[in-house]
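Asks: Below you will find the structure I want to go over with you.
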Amino acid sequence: MAFPEDIKRVISSLAKKTFLDQRDAPPKGHLYFLTSGVLGIFARGHPVCSGLIVPGSVHGWETLLDEGEWRETRALLPCEGFSVPLEPLRKALSDPWMFRFLAVHAVARTRDAATEASCNAIHTASQRTAKWIMRLHRAVTDPKGILITQARLAEILGFQRTSINASCGYLKDRGAIEIRRGRVVVTDVEKLRAICCSCDTHREPVRRPLHRQPEPMRA
Ligand SMILES: [Zn+2]
């Protein structure tokens, strides 16, 4: 949902460039417009990551939804973005716009949580590892690869080290990724996609029109 024009002017007058190191949280009481890097969403006090915020997205509306109590957001990879104080923006936005925006946000969040829960229950460790590497790969533009260790991947997926090593070994053997000095490098996106479970397909760009051809009339 695009911001109204007058709000865009307020945002650019208040925006401050903000960098986050790995594990840093974005500033409280602010919207954070992410331009590069990846933020992870965590249940408070838990190491397992339940979702990602990727470049082009905004973090910080949760405060208005009272989600701030049970979840926290921290940088999974170093981040660059702009922070804007939420309160002046909240006053500037009309209630119907805010209501619609927050409703869309809440529905998307619920859908993602349900998909993630069933993924954890039914898909294999290799499929889930491939899915998370694909998510990070889509968000990262660095040609050197994704700055993440296997130990950190194990932590955010809730895996034992032996499971993540086996899963990464499986992806490596199939030519989908390489592991280089604390980085995961996707060497063949199509091979990686073939191993991923289908849980993220609703986030992928649609390549074919979804409507069907009308069925021929029977004589
Ligand atoms: Zn899945």
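We label chains A, B, ... in the order they appear in the structure tokens, count residues from 1 in each chain, and number ligands from 1 in the order shown.
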Neighbours of range 3-20 of chain A within 7 Å (only C-alpha atoms; same-chain residues fewer than 3 positions away dropped), as a compact mmCIF listing (two decimals) with N, CA, C and O atoms, in the first residue's frame?
Replies:
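After the write, selection39.txt holds the following:
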```
# COMPACT_ATOMS: atom_id res chain seq x y z
N ASP A 24 21.39 -6.41 16.10
CA ASP A 24 20.88 -5.13 16.60
C ASP A 24 19.38 -5.05 16.32
O ASP A 24 18.90 -5.59 15.32
N ALA A 75 18.40 -7.59 13.50
CA ALA A 75 19.06 -7.77 12.20
C ALA A 75 19.64 -9.18 12.11
O ALA A 75 20.37 -9.61 12.99
N PRO A 78 23.67 -7.56 8.39
CA PRO A 78 23.82 -6.12 8.56
C PRO A 78 22.81 -5.35 7.70
O PRO A 78 22.58 -5.73 6.55
N CYS A 79 22.20 -4.31 8.28
CA CYS A 79 21.11 -3.61 7.59
C CYS A 79 21.43 -2.13 7.40
O CYS A 79 22.11 -1.52 8.21
N GLU A 80 20.86 -1.59 6.33
CA GLU A 80 20.92 -0.17 6.08
C GLU A 80 19.49 0.28 5.82
O GLU A 80 18.73 -0.45 5.17
N GLY A 81 19.12 1.43 6.37
CA GLY A 81 17.76 1.90 6.16
C GLY A 81 17.56 3.29 6.73
O GLY A 81 18.53 3.96 7.10
N PHE A 82 16.30 3.72 6.78
CA PHE A 82 15.95 5.03 7.32
C PHE A 82 14.97 4.83 8.46
O PHE A 82 14.02 4.07 8.34
N SER A 83 15.22 5.53 9.58
CA SER A 83 14.24 5.47 10.65
C SER A 83 13.49 6.80 10.72
O SER A 83 14.06 7.87 10.49
N VAL A 84 12.19 6.68 11.01
CA VAL A 84 11.29 7.84 11.07
C VAL A 84 10.45 7.69 12.32
O VAL A 84 9.84 6.63 12.53
N ALA A 92 -0.40 12.32 11.47
CA ALA A 92 -0.60 12.86 10.11
C ALA A 92 -1.47 11.95 9.23
O ALA A 92 -2.12 12.42 8.31
```
Asks: What are the closest atom pairs, with distances in Å to one decimal, for all residues of chain A lying within 10 Å of ligand 1? Consider only C-alpha atoms and all ligand atoms, order rows by chain and residue number, and present the result as a Markdown table.
Replies:
```
| residue | atom | partner | partner_atom_place_in_ligand_line | distance |
| --- | --- | --- | --- | --- |
| A:Thr115 | CA | ligand 1 | 1 (Zn) | 7.5 |
| A:Glu116 | CA | ligand 1 | 1 (Zn) | 7.0 |
| A:Ala117 | CA | ligand 1 | 1 (Zn) | 8.8 |
| A:Ser118 | CA | ligand 1 | 1 (Zn) | 7.1 |
| A:Cys119 | CA | ligand 1 | 1 (Zn) | 3.7 |
| A:Asn120 | CA | ligand 1 | 1 (Zn) | 6.7 |
| A:Ala121 | CA | ligand 1 | 1 (Zn) | 8.5 |
| A:Ile122 | CA | ligand 1 | 1 (Zn) | 7.1 |
| A:His123 | CA | ligand 1 | 1 (Zn) | 5.2 |
| A:Thr124 | CA | ligand 1 | 1 (Zn) | 8.0 |
| A:Ala125 | CA | ligand 1 | 1 (Zn) | 9.5 |
| A:Gln127 | CA | ligand 1 | 1 (Zn) | 6.8 |
| A:Arg128 | CA | ligand 1 | 1 (Zn) | 5.9 |
| A:Thr129 | CA | ligand 1 | 1 (Zn) | 9.5 |
| A:Ala130 | CA | ligand 1 | 1 (Zn) | 9.6 |
| A:Lys131 | CA | ligand 1 | 1 (Zn) | 7.2 |
| A:Trp132 | CA | ligand 1 | 1 (Zn) | 9.7 |
| A:Cys196 | CA | ligand 1 | 1 (Zn) | 7.4 |
| A:Cys197 | CA | ligand 1 | 1 (Zn) | 4.5 |
| A:Ser198 | CA | ligand 1 | 1 (Zn) | 5.9 |
| A:Cys199 | CA | ligand 1 | 1 (Zn) | 4.4 |
| A:Asp200 | CA | ligand 1 | 1 (Zn) | 7.4 |
| A:Thr201 | CA | ligand 1 | 1 (Zn) | 9.8 |
```
Asks: Tell me, as a VMD selection string, which residues lie within 9 Å of His137 in chain A, counting only C-alpha atoms; anything in the same chain fewer than 5 positions away does not count.
Replies: chain A and resid 132 145 to 146 184 to 186 189
Asks: Could you tell me which of A:Leu77, A:Leu34, A:Met134, A:Ala154 comes closest to Thr187 in chain A if we count only C-alpha atoms?
Replies: A:Met134
Asks: Which parts of range 47-131 of chain A does DSSP call helix (DSSP H, G or I) when run on the backbone here, written out as a PDB file with C-alpha atoms, in the first residue's frame?
Replies:
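So part-v7.pdb came out as:
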```pdb
ATOM      1  CA  GLU A  62       3.581  -3.633  15.295  1.00  0.00           C
ATOM      2  CA  THR A  63       3.667  -1.044  18.088  1.00  0.00           C
ATOM      3  CA  LEU A  64       0.214   0.076  16.927  1.00  0.00           C
ATOM      4  CA  LEU A  65      -1.056  -3.525  16.903  1.00  0.00           C
ATOM      5  CA  GLU A  67       2.453  -7.013  18.900  1.00  0.00           C
ATOM      6  CA  GLY A  68       5.485  -5.384  20.483  1.00  0.00           C
ATOM      7  CA  GLU A  69       4.900  -7.307  23.718  1.00  0.00           C
ATOM      8  CA  LEU A  86       6.145   6.929  14.441  1.00  0.00           C
ATOM      9  CA  GLU A  87       4.167   9.409  16.550  1.00  0.00           C
ATOM     10  CA  PRO A  88       4.175  12.432  14.178  1.00  0.00           C
ATOM     11  CA  LEU A  89       3.303  10.076  11.316  1.00  0.00           C
ATOM     12  CA  ARG A  90       0.452   8.520  13.212  1.00  0.00           C
ATOM     13  CA  LYS A  91      -1.022  11.980  13.793  1.00  0.00           C
ATOM     14  CA  ALA A  92      -0.596  12.856  10.110  1.00  0.00           C
ATOM     15  CA  ASP A  95      -7.846   6.869  10.541  1.00  0.00           C
ATOM     16  CA  PRO A  96      -9.407   5.000   7.555  1.00  0.00           C
ATOM     17  CA  TRP A  97      -5.996   4.738   5.854  1.00  0.00           C
ATOM     18  CA  MET A  98      -4.360   3.465   9.048  1.00  0.00           C
ATOM     19  CA  PHE A  99      -7.181   1.002   9.685  1.00  0.00           C
ATOM     20  CA  ARG A 100      -6.934  -0.426   6.189  1.00  0.00           C
ATOM     21  CA  PHE A 101      -3.147  -0.588   6.300  1.00  0.00           C
ATOM     22  CA  LEU A 102      -3.069  -2.346   9.693  1.00  0.00           C
ATOM     23  CA  ALA A 103      -5.792  -4.794   8.656  1.00  0.00           C
ATOM     24  CA  VAL A 104      -3.822  -5.815   5.542  1.00  0.00           C
ATOM     25  CA  HIS A 105      -0.679  -6.130   7.671  1.00  0.00           C
ATOM     26  CA  ALA A 106      -2.385  -8.284  10.331  1.00  0.00           C
ATOM     27  CA  VAL A 107      -3.960 -10.641   7.764  1.00  0.00           C
ATOM     28  CA  ALA A 108      -0.589 -11.149   6.026  1.00  0.00           C
ATOM     29  CA  ARG A 109       1.089 -11.827   9.381  1.00  0.00           C
ATOM     30  CA  THR A 110      -1.524 -14.438  10.367  1.00  0.00           C
ATOM     31  CA  ARG A 111      -1.281 -16.176   6.993  1.00  0.00           C
ATOM     32  CA  ASP A 112       2.539 -16.304   7.227  1.00  0.00           C
ATOM     33  CA  ALA A 113       2.450 -17.695  10.791  1.00  0.00           C
ATOM     34  CA  ALA A 114       0.021 -20.471   9.766  1.00  0.00           C
ATOM     35  CA  THR A 115       2.126 -21.389   6.710  1.00  0.00           C
ATOM     36  CA  GLU A 116       5.312 -21.459   8.798  1.00  0.00           C
ATOM     37  CA  ALA A 117       3.735 -23.701  11.461  1.00  0.00           C
ATOM     38  CA  SER A 118       2.573 -26.293   8.910  1.00  0.00           C
ATOM     39  CA  CYS A 119       5.938 -26.109   7.097  1.00  0.00           C
ATOM     40  CA  ASN A 120       7.729 -26.996  10.347  1.00  0.00           C
ATOM     41  CA  ALA A 121       5.408 -29.963  10.819  1.00  0.00           C
ATOM     42  CA  ILE A 122       5.418 -31.517   7.351  1.00  0.00           C
ATOM     43  CA  ALA A 125      15.049 -30.349   7.141  1.00  0.00           C
ATOM     44  CA  SER A 126      16.641 -30.040   3.671  1.00  0.00           C
ATOM     45  CA  GLN A 127      13.477 -28.522   2.156  1.00  0.00           C
ATOM     46  CA  ARG A 128      13.250 -25.987   5.001  1.00  0.00           C
ATOM     47  CA  THR A 129      16.966 -25.149   4.831  1.00  0.00           C
ATOM     48  CA  ALA A 130      16.605 -24.585   1.075  1.00  0.00           C
ATOM     49  CA  LYS A 131      13.555 -22.361   1.675  1.00  0.00           C
TER      50      LYS A 131
END
```
